[in-house]
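**Q** So here's upload29.cif, just mmCIF, C-alpha atoms (C1' of nucleotides):
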```cif
data_data
loop_
_atom_site.label_atom_id
_atom_site.label_comp_id
_atom_site.auth_asym_id
_atom_site.auth_seq_id
_atom_site.Cartn_x
_atom_site.Cartn_y
_atom_site.Cartn_z
CA MET A 11 0.00 0.00 0.00
CA VAL A 12 1.34 3.36 -0.96
CA ARG A 13 0.02 6.37 0.81
CA ALA A 14 -1.86 8.93 -1.23
CA ASP A 15 0.20 11.87 -0.02
CA ALA A 16 3.39 10.06 -0.91
CA GLN A 17 2.13 9.50 -4.41
CA ARG A 18 1.10 13.13 -4.68
CA ASN A 19 4.47 14.34 -3.51
CA ARG A 20 6.31 12.05 -5.85
CA ALA A 21 4.30 13.38 -8.77
CA LYS A 22 4.82 16.94 -7.63
CA VAL A 23 8.58 16.48 -7.41
CA LEU A 24 8.66 14.84 -10.80
CA ARG A 25 6.64 17.61 -12.38
CA VAL A 26 8.83 20.33 -10.92
CA ALA A 27 12.03 18.45 -11.75
CA ILE A 28 11.00 18.09 -15.37
CA GLU A 29 10.63 21.83 -15.67
CA ALA A 30 13.73 22.62 -13.69
CA PHE A 31 16.02 20.26 -15.56
CA ALA A 32 14.57 21.35 -18.87
CA ALA A 33 15.23 24.99 -18.07
CA ASP A 34 18.59 24.81 -16.32
CA GLY A 35 20.04 21.41 -17.12
CA LEU A 36 21.72 19.19 -14.62
CA ALA A 37 23.15 22.17 -12.77
CA VAL A 38 19.98 22.79 -10.80
CA PRO A 39 20.46 21.67 -7.17
CA VAL A 40 18.18 19.06 -5.64
CA HIS A 41 17.54 21.52 -2.85
CA GLU A 42 16.09 23.93 -5.39
CA ILE A 43 13.79 21.31 -6.85
CA ALA A 44 12.53 20.52 -3.37
CA ARG A 45 11.95 24.20 -2.69
CA ARG A 46 10.00 24.75 -5.89
CA ALA A 47 7.95 21.64 -5.25
CA GLY A 48 7.16 22.87 -1.75
CA VAL A 49 8.59 19.79 -0.05
CA GLY A 50 11.66 19.03 2.02
CA THR A 51 14.85 17.70 0.53
CA GLY A 52 14.26 14.48 2.42
CA THR A 53 11.08 13.89 0.49
CA VAL A 54 12.91 14.18 -2.78
CA SER A 55 15.69 11.84 -1.81
CA ARG A 56 13.31 9.27 -0.38
CA HIS A 57 11.45 8.97 -3.65
CA PHE A 58 14.61 9.29 -5.70
CA PRO A 59 17.62 8.14 -3.69
CA THR A 60 20.07 10.09 -5.80
CA LYS A 61 19.93 13.06 -8.10
CA GLU A 62 20.87 10.78 -10.92
CA SER A 63 17.93 8.50 -10.29
CA LEU A 64 15.61 11.48 -10.39
CA PHE A 65 17.11 12.67 -13.61
CA GLN A 66 16.98 9.24 -15.10
CA ALA A 67 13.29 8.89 -14.29
CA ILE A 68 12.71 12.00 -16.36
CA VAL A 69 15.11 11.43 -19.16
CA SER A 70 14.06 7.88 -19.80
CA ALA A 71 10.62 9.09 -20.81
CA ARG A 72 12.16 11.33 -23.44
CA VAL A 73 14.52 8.64 -24.55
CA GLU A 74 11.66 6.22 -24.88
CA HIS A 75 9.89 8.68 -27.10
CA LEU A 76 12.98 9.11 -29.25
CA VAL A 77 13.56 5.39 -29.52
CA GLU A 78 10.00 4.97 -30.68
CA ARG A 79 10.61 7.59 -33.32
CA ALA A 80 13.79 5.82 -34.39
CA ARG A 81 11.98 2.52 -34.73
CA ALA A 82 9.36 4.09 -36.94
CA LEU A 83 12.00 5.72 -39.10
CA GLU A 84 14.00 2.52 -39.39
CA ALA A 85 10.92 0.82 -40.75
CA GLY A 86 10.54 3.46 -43.46
CA GLU A 87 11.76 3.52 -47.00
CA ASP A 88 14.28 6.29 -47.28
CA PRO A 89 17.39 5.73 -45.13
CA ALA A 90 18.83 9.20 -45.66
CA GLU A 91 15.56 10.90 -44.86
CA ALA A 92 15.24 8.69 -41.80
CA PHE A 93 18.70 9.50 -40.56
CA PHE A 94 18.37 13.24 -40.97
CA ALA A 95 14.88 13.27 -39.57
CA PHE A 96 16.15 11.55 -36.50
CA PHE A 97 19.09 13.91 -36.25
CA ALA A 98 16.65 16.80 -36.37
CA ALA A 99 14.42 15.14 -33.80
CA MET A 100 17.31 14.76 -31.39
CA ALA A 101 18.27 18.37 -31.93
CA ALA A 102 14.71 19.52 -31.40
CA GLU A 103 14.26 17.54 -28.20
CA GLY A 104 17.59 18.72 -26.91
CA ALA A 105 16.65 22.29 -27.65
CA LEU A 106 13.47 21.99 -25.65
CA ASP A 107 15.15 20.31 -22.75
CA ARG A 108 18.49 21.50 -21.50
CA GLY A 109 18.75 18.46 -19.26
CA LEU A 110 18.29 16.13 -22.19
CA ALA A 111 20.89 18.10 -24.10
CA ASP A 112 23.30 17.58 -21.24
CA ALA A 113 22.55 13.89 -21.31
CA LEU A 114 22.86 13.69 -25.09
CA THR A 115 26.20 15.42 -25.09
CA GLY A 116 27.42 13.40 -22.13
CA ALA A 117 27.80 16.37 -19.80
CA GLY A 118 27.73 14.89 -16.32
CA PHE A 119 25.41 12.03 -17.04
CA ASP A 120 26.10 8.73 -18.70
CA ILE A 121 23.10 8.21 -20.92
CA ASP A 122 24.49 4.96 -22.26
CA ALA A 123 24.52 3.41 -18.81
CA ALA A 124 21.03 4.78 -18.22
CA ALA A 125 19.84 3.38 -21.52
CA GLU A 126 21.28 0.01 -20.71
CA ALA A 127 19.48 0.02 -17.38
CA THR A 128 16.14 0.70 -19.03
CA GLY A 129 16.72 -1.58 -21.99
CA LEU A 130 16.57 1.32 -24.40
CA ASP A 131 19.44 1.65 -26.79
CA LEU A 132 19.16 5.13 -28.19
CA ASN A 133 22.68 5.19 -29.51
CA GLY A 134 22.23 1.82 -31.14
CA HIS A 135 19.23 3.04 -33.08
CA PHE A 136 20.97 6.23 -34.07
CA ASP A 137 24.03 4.31 -35.18
CA ARG A 138 21.92 1.95 -37.25
CA LEU A 139 20.20 4.85 -38.96
CA LEU A 140 23.59 6.30 -39.79
CA THR A 141 24.91 3.03 -41.14
CA ALA A 142 21.83 2.52 -43.27
CA ALA A 143 22.11 6.00 -44.74
CA GLN A 144 25.75 5.37 -45.48
CA ALA A 145 24.97 2.01 -47.06
CA ALA A 146 22.47 3.77 -49.29
CA GLY A 147 25.26 6.11 -50.37
CA GLU A 148 23.50 9.15 -48.97
CA VAL A 149 26.00 9.99 -46.24
CA ARG A 150 29.77 10.20 -46.42
CA ALA A 151 31.10 6.74 -45.73
CA ASP A 152 34.07 7.91 -43.73
CA VAL A 153 32.25 9.53 -40.83
CA ASP A 154 31.62 7.44 -37.77
CA PHE A 155 29.00 7.59 -35.09
CA ALA A 156 31.16 9.65 -32.76
CA ASP A 157 31.50 12.26 -35.50
CA VAL A 158 27.75 12.48 -35.82
CA LYS A 159 27.31 12.81 -32.08
CA ALA A 160 29.85 15.63 -32.08
CA LEU A 161 27.93 17.42 -34.82
CA LEU A 162 24.76 16.99 -32.83
CA ALA A 163 26.54 18.40 -29.80
CA GLY A 164 27.43 21.40 -31.93
CA CYS A 165 23.80 21.94 -32.87
CA LEU A 166 22.83 21.70 -29.22
CA ALA A 167 25.59 24.08 -28.21
CA ARG A 168 24.02 26.76 -30.35
CA GLU A 169 20.91 26.74 -28.21
CA ARG A 170 22.69 27.34 -24.95
CA THR A 171 23.11 31.02 -25.67
CA ALA A 172 19.85 31.86 -27.36
CA ALA A 173 17.12 29.41 -28.22
CA ASP A 174 16.50 30.18 -31.86
CA PRO A 175 14.62 27.66 -33.94
CA ALA A 176 15.84 29.28 -37.13
CA ALA A 177 19.44 28.83 -36.06
CA ARG A 178 18.73 25.19 -35.32
CA ASP A 179 17.36 24.69 -38.81
CA ARG A 180 20.35 26.45 -40.29
CA LEU A 181 22.80 24.27 -38.43
CA ILE A 182 20.95 21.12 -39.35
CA ALA A 183 21.04 22.23 -42.96
CA VAL A 184 24.77 22.81 -42.71
CA VAL A 185 25.31 19.39 -41.21
CA ARG A 186 23.08 17.79 -43.76
CA THR A 187 24.95 19.37 -46.62
CA GLY A 188 28.26 18.60 -45.00
CA LEU A 189 27.46 14.95 -44.58
CA ARG A 190 26.60 14.46 -48.23
CA PRO A 191 29.05 12.19 -49.94
CA GLU A 192 31.53 14.10 -52.06
CA SER A 193 30.35 14.13 -55.64
CA HIS A 194 33.89 13.53 -56.87
CA PRO A 195 35.94 11.61 -54.32
CA MET B 24 63.03 43.64 -6.51
CA VAL B 25 61.53 40.25 -7.00
CA ARG B 26 63.10 37.35 -5.23
CA ALA B 27 64.65 34.63 -7.34
CA ASP B 28 62.79 31.78 -5.65
CA ALA B 29 59.51 33.56 -6.16
CA GLN B 30 60.22 33.87 -9.84
CA ARG B 31 61.20 30.22 -10.01
CA ASN B 32 58.06 29.10 -8.23
CA ARG B 33 55.88 31.24 -10.40
CA ALA B 34 57.40 29.70 -13.50
CA LYS B 35 57.09 26.21 -12.04
CA VAL B 36 53.41 26.73 -11.25
CA LEU B 37 52.79 28.12 -14.69
CA ARG B 38 54.55 25.23 -16.38
CA VAL B 39 52.64 22.64 -14.40
CA ALA B 40 49.36 24.47 -14.83
CA ILE B 41 49.80 24.56 -18.60
CA GLU B 42 50.14 20.81 -18.70
CA ALA B 43 47.41 20.17 -16.19
CA PHE B 44 44.82 22.40 -17.85
CA ALA B 45 45.76 21.09 -21.26
CA ALA B 46 45.24 17.52 -20.13
CA ASP B 47 42.21 17.83 -17.89
CA GLY B 48 40.65 21.18 -18.68
CA LEU B 49 39.33 23.57 -16.10
CA ALA B 50 38.25 20.72 -13.87
CA VAL B 51 41.68 20.22 -12.35
CA PRO B 52 41.76 21.61 -8.79
CA VAL B 53 44.23 24.31 -7.82
CA HIS B 54 45.32 22.05 -5.01
CA GLU B 55 46.39 19.47 -7.56
CA ILE B 56 48.42 21.97 -9.55
CA ALA B 57 50.20 23.01 -6.36
CA ARG B 58 50.90 19.38 -5.52
CA ARG B 59 52.34 18.60 -8.93
CA ALA B 60 54.44 21.75 -8.84
CA GLY B 61 55.77 20.79 -5.43
CA VAL B 62 54.58 23.97 -3.77
CA GLY B 63 51.86 24.87 -1.29
CA THR B 64 48.46 26.11 -2.35
CA GLY B 65 49.32 29.45 -0.82
CA THR B 66 52.16 29.91 -3.26
CA VAL B 67 49.85 29.36 -6.17
CA SER B 68 47.24 31.77 -4.96
CA ARG B 69 49.78 34.44 -4.13
CA HIS B 70 51.10 34.48 -7.64
CA PHE B 71 47.66 34.04 -9.15
CA PRO B 72 45.00 35.35 -6.77
CA THR B 73 42.26 33.26 -8.32
CA LYS B 74 42.08 30.15 -10.38
CA GLU B 75 40.68 32.22 -13.18
CA SER B 76 43.68 34.53 -13.17
CA LEU B 77 45.99 31.53 -13.43
CA PHE B 78 44.00 30.13 -16.27
CA GLN B 79 43.88 33.45 -18.00
CA ALA B 80 47.65 33.84 -17.81
CA ILE B 81 47.91 30.59 -19.71
CA VAL B 82 45.10 31.00 -22.13
CA SER B 83 46.02 34.51 -23.15
CA ALA B 84 49.29 33.23 -24.58
CA ARG B 85 47.38 30.83 -26.80
CA VAL B 86 44.85 33.46 -27.70
CA GLU B 87 47.62 35.85 -28.61
CA HIS B 88 49.06 33.23 -30.90
CA LEU B 89 45.69 32.68 -32.53
CA VAL B 90 45.05 36.37 -32.94
CA GLU B 91 48.38 36.72 -34.67
CA ARG B 92 47.40 33.93 -36.98
CA ALA B 93 44.09 35.62 -37.67
CA ARG B 94 45.80 38.90 -38.51
CA ALA B 95 48.07 37.18 -40.98
CA LEU B 96 45.13 35.42 -42.59
CA GLU B 97 43.09 38.60 -42.77
CA ALA B 98 45.91 40.19 -44.70
CA GLY B 99 45.91 37.38 -47.25
CA GLU B 100 44.17 37.12 -50.56
CA ASP B 101 41.65 34.34 -50.27
CA PRO B 102 38.92 35.07 -47.73
CA ALA B 103 37.43 31.59 -47.83
CA GLU B 104 40.77 29.91 -47.41
CA ALA B 105 41.55 32.30 -44.57
CA PHE B 106 38.31 31.59 -42.77
CA PHE B 107 38.59 27.84 -43.00
CA ALA B 108 42.27 27.86 -42.15
CA PHE B 109 41.46 29.79 -39.02
CA PHE B 110 38.60 27.47 -38.19
CA ALA B 111 41.01 24.56 -38.50
CA ALA B 112 43.60 26.36 -36.41
CA MET B 113 41.10 26.90 -33.62
CA ALA B 114 40.08 23.27 -33.77
CA ALA B 115 43.70 22.14 -33.71
CA GLU B 116 44.62 24.32 -30.76
CA GLY B 117 41.53 23.25 -28.90
CA ALA B 118 42.36 19.63 -29.56
CA LEU B 119 45.81 20.04 -28.07
CA ASP B 120 44.56 21.89 -25.05
CA ARG B 121 41.48 20.83 -23.23
CA GLY B 122 41.55 24.00 -21.20
CA LEU B 123 41.54 26.12 -24.30
CA ALA B 124 38.71 24.03 -25.66
CA ASP B 125 36.74 24.76 -22.50
CA ALA B 126 37.47 28.45 -22.94
CA LEU B 127 36.57 28.40 -26.61
CA THR B 128 33.26 26.69 -26.01
CA GLY B 129 32.52 28.88 -23.02
CA ALA B 130 32.51 26.08 -20.47
CA GLY B 131 33.09 27.76 -17.16
CA PHE B 132 35.27 30.58 -18.42
CA ASP B 133 34.32 33.76 -20.17
CA ILE B 134 36.94 34.13 -22.86
CA ASP B 135 35.33 37.27 -24.16
CA ALA B 136 35.85 39.06 -20.87
CA ALA B 137 39.39 37.73 -20.71
CA ALA B 138 40.06 38.89 -24.23
CA GLU B 139 38.72 42.32 -23.44
CA ALA B 140 41.00 42.52 -20.43
CA THR B 141 44.05 41.73 -22.52
CA GLY B 142 43.00 43.81 -25.48
CA LEU B 143 42.81 40.76 -27.70
CA ASP B 144 39.62 40.29 -29.59
CA LEU B 145 39.70 36.73 -30.79
CA ASN B 146 36.02 36.61 -31.56
CA GLY B 147 36.21 39.86 -33.43
CA HIS B 148 38.88 38.52 -35.75
CA PHE B 149 37.03 35.27 -36.25
CA ASP B 150 33.84 37.12 -36.98
CA ARG B 151 35.59 39.35 -39.50
CA LEU B 152 37.04 36.34 -41.26
CA LEU B 153 33.58 34.85 -41.47
CA THR B 154 32.06 38.04 -42.80
CA ALA B 155 34.78 38.40 -45.42
CA ALA B 156 34.30 34.82 -46.60
CA GLN B 157 30.58 35.44 -46.82
CA ALA B 158 31.11 38.67 -48.71
CA ALA B 159 33.23 36.75 -51.18
CA GLY B 160 30.32 34.38 -51.67
CA GLU B 161 32.29 31.43 -50.36
CA VAL B 162 30.24 30.78 -47.24
CA ARG B 163 26.49 30.58 -46.83
CA ALA B 164 25.26 34.07 -46.16
CA ASP B 165 22.62 33.03 -43.68
CA VAL B 166 24.87 31.60 -40.98
CA ASP B 167 25.94 33.88 -38.19
CA PHE B 168 28.94 33.89 -35.94
CA ALA B 169 27.19 31.99 -33.18
CA ASP B 170 26.44 29.22 -35.67
CA VAL B 171 30.11 28.95 -36.54
CA LYS B 172 31.10 28.85 -32.89
CA ALA B 173 28.62 26.07 -32.34
CA LEU B 174 30.10 24.10 -35.22
CA LEU B 175 33.53 24.63 -33.76
CA ALA B 176 32.25 23.43 -30.42
CA GLY B 177 31.07 20.30 -32.19
CA CYS B 178 34.50 19.67 -33.61
CA LEU B 179 36.02 20.15 -30.19
CA ALA B 180 33.45 17.86 -28.61
CA ARG B 181 34.68 15.04 -30.80
CA GLU B 182 38.07 15.18 -29.16
CA ARG B 183 36.80 14.83 -25.63
CA THR B 184 36.33 11.09 -26.03
CA ALA B 185 39.32 10.14 -28.15
CA ALA B 186 41.88 12.52 -29.58
CA ASP B 187 41.91 11.49 -33.20
CA PRO B 188 43.44 13.87 -35.72
CA ALA B 189 41.76 12.03 -38.57
CA ALA B 190 38.38 12.59 -36.98
CA ARG B 191 39.15 16.25 -36.60
CA ASP B 192 39.98 16.54 -40.29
CA ARG B 193 36.81 14.68 -41.17
CA LEU B 194 34.67 17.00 -39.11
CA ILE B 195 36.33 20.08 -40.50
CA ALA B 196 35.71 18.74 -43.97
CA VAL B 197 32.06 18.19 -43.11
CA VAL B 198 31.73 21.71 -41.78
CA ARG B 199 33.54 23.13 -44.75
CA THR B 200 31.27 21.38 -47.18
CA GLY B 201 28.24 22.26 -45.12
CA LEU B 202 29.07 25.93 -45.07
CA ARG B 203 29.38 26.19 -48.81
CA PRO B 204 26.69 28.36 -50.30
CA GLU B 205 23.94 26.35 -51.89
CA SER B 206 24.60 26.04 -55.60
CA HIS B 207 20.91 26.58 -56.34
CA PRO B 208 19.26 28.68 -53.63
"C1'" DG C 5 -11.61 7.67 17.06
"C1'" DA C 6 -7.46 5.74 18.07
"C1'" DC C 7 -3.39 3.19 16.90
"C1'" DG C 8 0.41 1.75 14.08
"C1'" DA C 9 2.70 2.18 9.83
"C1'" DT C 10 4.30 5.36 6.72
"C1'" DC C 11 5.93 9.61 5.25
"C1'" DC C 12 7.37 14.40 6.01
"C1'" DG C 13 10.59 18.36 6.91
"C1'" DG C 14 14.75 20.31 7.12
"C1'" DG C 15 18.79 20.25 9.99
"C1'" DA C 16 23.09 17.51 10.31
"C1'" DT C 17 26.86 15.37 7.96
"C1'" DG C 18 30.61 14.89 4.97
"C1'" DG C 19 33.00 15.71 0.60
"C1'" DC C 20 34.98 18.88 -2.53
"C1'" DC C 21 36.97 23.08 -3.58
"C1'" DA C 22 38.89 28.03 -3.87
"C1'" DT C 23 40.67 31.39 -1.10
"C1'" DC C 24 42.74 33.45 3.04
"C1'" DC C 25 45.80 33.71 6.82
"C1'" DC C 26 49.82 33.43 9.73
"C1'" DG C 27 53.80 31.28 11.93
"C1'" DT C 28 58.02 29.89 9.75
"C1'" DT C 29 61.69 29.93 6.39
"C1'" DT C 30 64.60 31.93 2.92
"C1'" DG C 31 66.74 35.24 0.00
"C1'" DT C 32 68.84 39.80 -0.40
"C1'" DC C 33 71.49 43.73 0.81
"C1'" DA C 34 74.06 46.42 3.88
"C1'" DT D 16 77.19 37.97 8.93
"C1'" DG D 17 73.02 39.80 10.61
"C1'" DA D 18 68.56 41.80 10.04
"C1'" DC D 19 64.47 42.55 7.61
"C1'" DA D 20 61.40 42.21 3.93
"C1'" DA D 21 59.47 38.88 1.05
"C1'" DA D 22 57.78 34.45 0.07
"C1'" DC D 23 56.61 29.80 1.63
"C1'" DG D 24 53.58 25.95 3.26
"C1'" DG D 25 49.56 24.04 4.33
"C1'" DG D 26 45.96 24.27 7.73
"C1'" DA D 27 41.73 27.03 8.52
"C1'" DT D 28 37.66 28.97 6.62
"C1'" DG D 29 33.52 29.26 4.22
"C1'" DG D 30 30.51 28.11 0.31
"C1'" DC D 31 28.11 24.74 -2.25
"C1'" DC D 32 26.01 20.49 -2.69
"C1'" DA D 33 24.10 15.56 -2.28
"C1'" DT D 34 22.73 12.43 0.96
"C1'" DC D 35 21.29 10.70 5.54
"C1'" DC D 36 18.70 10.78 9.67
"C1'" DC D 37 15.09 11.23 13.19
"C1'" DG D 38 11.52 13.60 15.90
"C1'" DG D 39 7.10 14.79 14.65
"C1'" DA D 40 3.03 14.91 11.63
"C1'" DT D 41 -0.27 12.40 8.79
"C1'" DC D 42 -2.67 8.74 6.63
"C1'" DG D 43 -5.26 4.40 6.43
"C1'" DT D 44 -7.40 0.88 8.92
"C1'" DC D 45 -9.91 -1.56 12.51
#
```
Could you express the structure from this file as structure tokens?
**A**
Amino acid sequence: MVRADAQRNRAKVLRVAIEAFAADGLAVPVHEIARRAGVGTGTVSRHFPTKESLFQAIVSARVEHLVERARALEAGEDPAEAFFAFFAAMAAEGALDRGLADALTGAGFDIDAAAEATGLDLNGHFDRLLTAAQAAGEVRADVDFADVKALLAGCLARERTAADPAARDRLIAVVRTGLRPESHP
Amino acid sequence: MVRADAQRNRAKVLRVAIEAFAADGLAVPVHEIARRAGVGTGTVSRHFPTKESLFQAIVSARVEHLVERARALEAGEDPAEAFFAFFAAMAAEGALDRGLADALTGAGFDIDAAAEATGLDLNGHFDRLLTAAQAAGEVRADVDFADVKALLAGCLARERTAADPAARDRLIAVVRTGLRPESHP
DNA sequence: GACGATCCGGGATGGCCATCCCGTTTGTCA
DNA sequence: TGACAAACGGGATGGCCATCCCGGATCGTC
């Protein structure tokens, strides 16, 4: 039996944490989340023993969403379109959620370990989309997955100063053009 | 009159700090620098009142070098070549020096303020090179300076996992291709 | 409506770090 | 060589933060 107030508080903490992490990234102190939720720090750490577990509870929802998207795209026809659509989706999600951007760029949170724990393999899907696009001859064959992640990190970095959807589209366009196989190798 | 041992210690701290920041970035504690230099923490903070001042003493040398490079390139003939050469130079320096990479990507250190203090305007030069390349029709006109910095940050991000010169060249090539003006806009 | 289990609040604890301070040592110059 | 200013070392201080703990409040049940 779980007490109703406990359930309420847990939800309240989660709701506040989602907003807080999205706005300020992993830098926001647990203390601050507790304050905004109107509970004590003890309440937070009882429901989520560590800051990381709290963050993971939030991020895994987003990751799940992205993995679903990846699956759908993998099932589609056009590998290049799928790859770039997913790239854009990651960028868009990261732009909306600073915490997710931190996780995606590996800043203070090991999303791979988290993914393994939840059985979701975001990187695996992304990598497969890349490989498929390369196999179709639509993406330079010499780039590897780490390169693509770095380019994504660059797109996400742009948003840290000023969230500008137009800039995001520009950068994605640059990356997209840049990743095209050379016409005359 | 400055005592000889003081001068020696200052140099020793500086030498150690250069290596330490280059290897581990801004994350290395002052305490650790003192330990490696074989001096007390007090000695470090007397010569460099704050960690930031120590870092700045180091980074400004690199920045000076880069600014010199930028000046030379600005004086050259080919604006596009100049811009991309400078982009590559920034990436190369950042790859060699994790601390500089942190500074360049704005992670925990405001290089603009530091530049202003030393009279060196790294960003200004970079921005001018970009503008010139755009004016020459060699770089997409719609990207702004922040976009370019983000792309540079992406290139630098690639090195955080494994320093791989080949990967750096690949990414620069991707960026270079990506920044080309669309042939049919 | 009362009792026991459960949960709450927020202060206490401990780690990490930059910076400051001061008793001690060392270099310099007369 | 002696005296004094200058620099040294590293412990003390204070800030920030996550996590733990426990006396007290609250919920659910009988």
**Q** Which residues are near stretch 13-29 of chain C? Cut-off 7 Å, all atoms listed in the file, ignore same chain within fewer than 3 positions. Put them as a ChimeraX atom specification.
**A** /A:50,52 /D:23
**Q** Applying 7 Å and only C-alpha atoms (C1' of nucleotides), which residues near stretch 195-201 of chain B remain after dropping the ones on its own chain fewer than 5 positions away? List them as a count of residues only.
**A** 7
**Q** Might you spell out which residues the PyMOL selection byres ((chain A and resi 72) around 12) would select in the displayed file, as JSON, numbers by chain?
**A** {"A": [28, 32, 65, 66, 67, 68, 69, 70, 71, 73, 74, 75, 76, 77, 78, 79, 99, 100, 102, 103, 104, 106, 107, 109, 110, 111, 113, 114, 121, 125, 130, 132]}
**Q** With only C-alpha atoms (C1' of nucleotides) as the basis for distance, which of A:Arg81, A:Lys159, A:Arg45, A:Lys22 is at the shortest distance from chain C?
**A** A:Arg45
**Q** Can you work out the spacing between atom C1' of C:DG5 and atom CA of A:Ala14 in Å, to one decimal?
**A**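 One can read the atom C1' of C:DG5 to atom CA of A:Ala14 distance as 20.8 Å.
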**Q** Starting from the displayed file, determine the output of the PyMOL selection byres ((chain B) within 12 of (chain C)) and express the residue list as a ChimeraX atom specification.
**A** /B:24-30,50-55,64-69,71-75
**Q** In Å, how far is it from atom CA of B:Ala186 to atom CA of A:Phe136?
**A** 22.3 Å
**Q** Determine the nearest neighbour of chain D from the options B:Ala43, B:Ala189, B:Ala57, B:Arg38, counting only C-alpha atoms (C1' of nucleotides).
**A** B:Ala57
**Q** I'd like the residues picked by the PyMOL selection byres ((chain D) within 9 of (chain B)) written out as a PDB file with C-alpha atoms (C1' of nucleotides), keeping the file's coordinate frame, using the chain letters and numbers from the file.
**A**
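Okay, part-v3.pdb is ready:
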```pdb
ATOM      1  C1'  DA D  21      59.470  38.880   1.050  1.00  0.00           C
ATOM      2  C1'  DA D  22      57.780  34.450   0.070  1.00  0.00           C
ATOM      3  C1'  DC D  23      56.610  29.800   1.630  1.00  0.00           C
ATOM      4  C1'  DG D  24      53.580  25.950   3.260  1.00  0.00           C
ATOM      5  C1'  DG D  25      49.560  24.040   4.330  1.00  0.00           C
TER       6       DG D  25
END
```
**Q** Out of B:Asn146, B:Ser76, B:Thr128, B:Gln157, which residue has the shortest atom-to-atom distance to chain A when counting all atoms listed in the file?
**A** B:Thr128
**Q** Hey, list the chain B side of the contact with chain A: 9 Å cut-off, only C-alpha atoms, answer as a PyMOL selection string.
**A** chain B and resi 128+163+165-167+169-182+184+190-191+193-194+196-203+205
**Q** Could you take the residues named above and write them with C-alpha atoms, as a tab-separated table (two decimals), in the coordinates of the input?
**A**
```tsv
chain	number	residue	atom	x	y	z
B	128	THR	CA	33.26	26.69	-26.01
B	163	ARG	CA	26.49	30.58	-46.83
B	165	ASP	CA	22.62	33.03	-43.68
B	166	VAL	CA	24.87	31.60	-40.98
B	167	ASP	CA	25.94	33.88	-38.19
B	169	ALA	CA	27.19	31.99	-33.18
B	170	ASP	CA	26.44	29.22	-35.67
B	171	VAL	CA	30.11	28.95	-36.54
B	172	LYS	CA	31.10	28.85	-32.89
B	173	ALA	CA	28.62	26.07	-32.34
B	174	LEU	CA	30.10	24.10	-35.22
B	175	LEU	CA	33.53	24.63	-33.76
B	176	ALA	CA	32.25	23.43	-30.42
B	177	GLY	CA	31.07	20.30	-32.19
B	178	CYS	CA	34.50	19.67	-33.61
B	179	LEU	CA	36.02	20.15	-30.19
B	180	ALA	CA	33.45	17.86	-28.61
B	181	ARG	CA	34.68	15.04	-30.80
B	182	GLU	CA	38.07	15.18	-29.16
B	184	THR	CA	36.33	11.09	-26.03
B	190	ALA	CA	38.38	12.59	-36.98
B	191	ARG	CA	39.15	16.25	-36.60
B	193	ARG	CA	36.81	14.68	-41.17
B	194	LEU	CA	34.67	17.00	-39.11
B	196	ALA	CA	35.71	18.74	-43.97
B	197	VAL	CA	32.06	18.19	-43.11
B	198	VAL	CA	31.73	21.71	-41.78
B	199	ARG	CA	33.54	23.13	-44.75
B	200	THR	CA	31.27	21.38	-47.18
B	201	GLY	CA	28.24	22.26	-45.12
B	202	LEU	CA	29.07	25.93	-45.07
B	203	ARG	CA	29.38	26.19	-48.81
B	205	GLU	CA	23.94	26.35	-51.89
```
**Q** In Å, how far is it from atom CA of B:Phe110 to atom CA of A:Gly35?
**A**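 Atom-to-atom, atom CA of B:Phe110 and atom CA of A:Gly35 are spaced 28.7 Å apart.
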**Q** Missing atoms in stretch 164-172 of chain B need filling: write out N, CA and C atoms for it as a compact mmCIF listing (two decimals), in the frame of the given file.
**A**
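Okay, this is what ended up in rebuild.txt:
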```txt
# COMPACT_ATOMS: atom_id res chain seq x y z
N ALA B 164 25.46 32.73 -46.72
CA ALA B 164 25.26 34.07 -46.16
C ALA B 164 24.38 34.04 -44.93
N ASP B 165 23.61 32.99 -44.77
CA ASP B 165 22.62 33.03 -43.68
C ASP B 165 23.18 32.60 -42.33
N VAL B 166 24.35 31.99 -42.29
CA VAL B 166 24.87 31.60 -40.98
C VAL B 166 25.47 32.81 -40.27
N ASP B 167 25.34 32.80 -38.95
CA ASP B 167 25.94 33.88 -38.19
C ASP B 167 27.11 33.35 -37.37
N PHE B 168 27.73 34.26 -36.66
CA PHE B 168 28.94 33.89 -35.94
C PHE B 168 28.67 32.83 -34.86
N ALA B 169 27.53 32.97 -34.21
CA ALA B 169 27.19 31.99 -33.18
C ALA B 169 27.06 30.59 -33.78
N ASP B 170 26.55 30.52 -34.99
CA ASP B 170 26.44 29.22 -35.67
C ASP B 170 27.83 28.62 -35.85
N VAL B 171 28.74 29.44 -36.29
CA VAL B 171 30.11 28.95 -36.54
C VAL B 171 30.76 28.49 -35.23
N LYS B 172 30.54 29.26 -34.18
CA LYS B 172 31.10 28.85 -32.89
C LYS B 172 30.52 27.51 -32.44
```
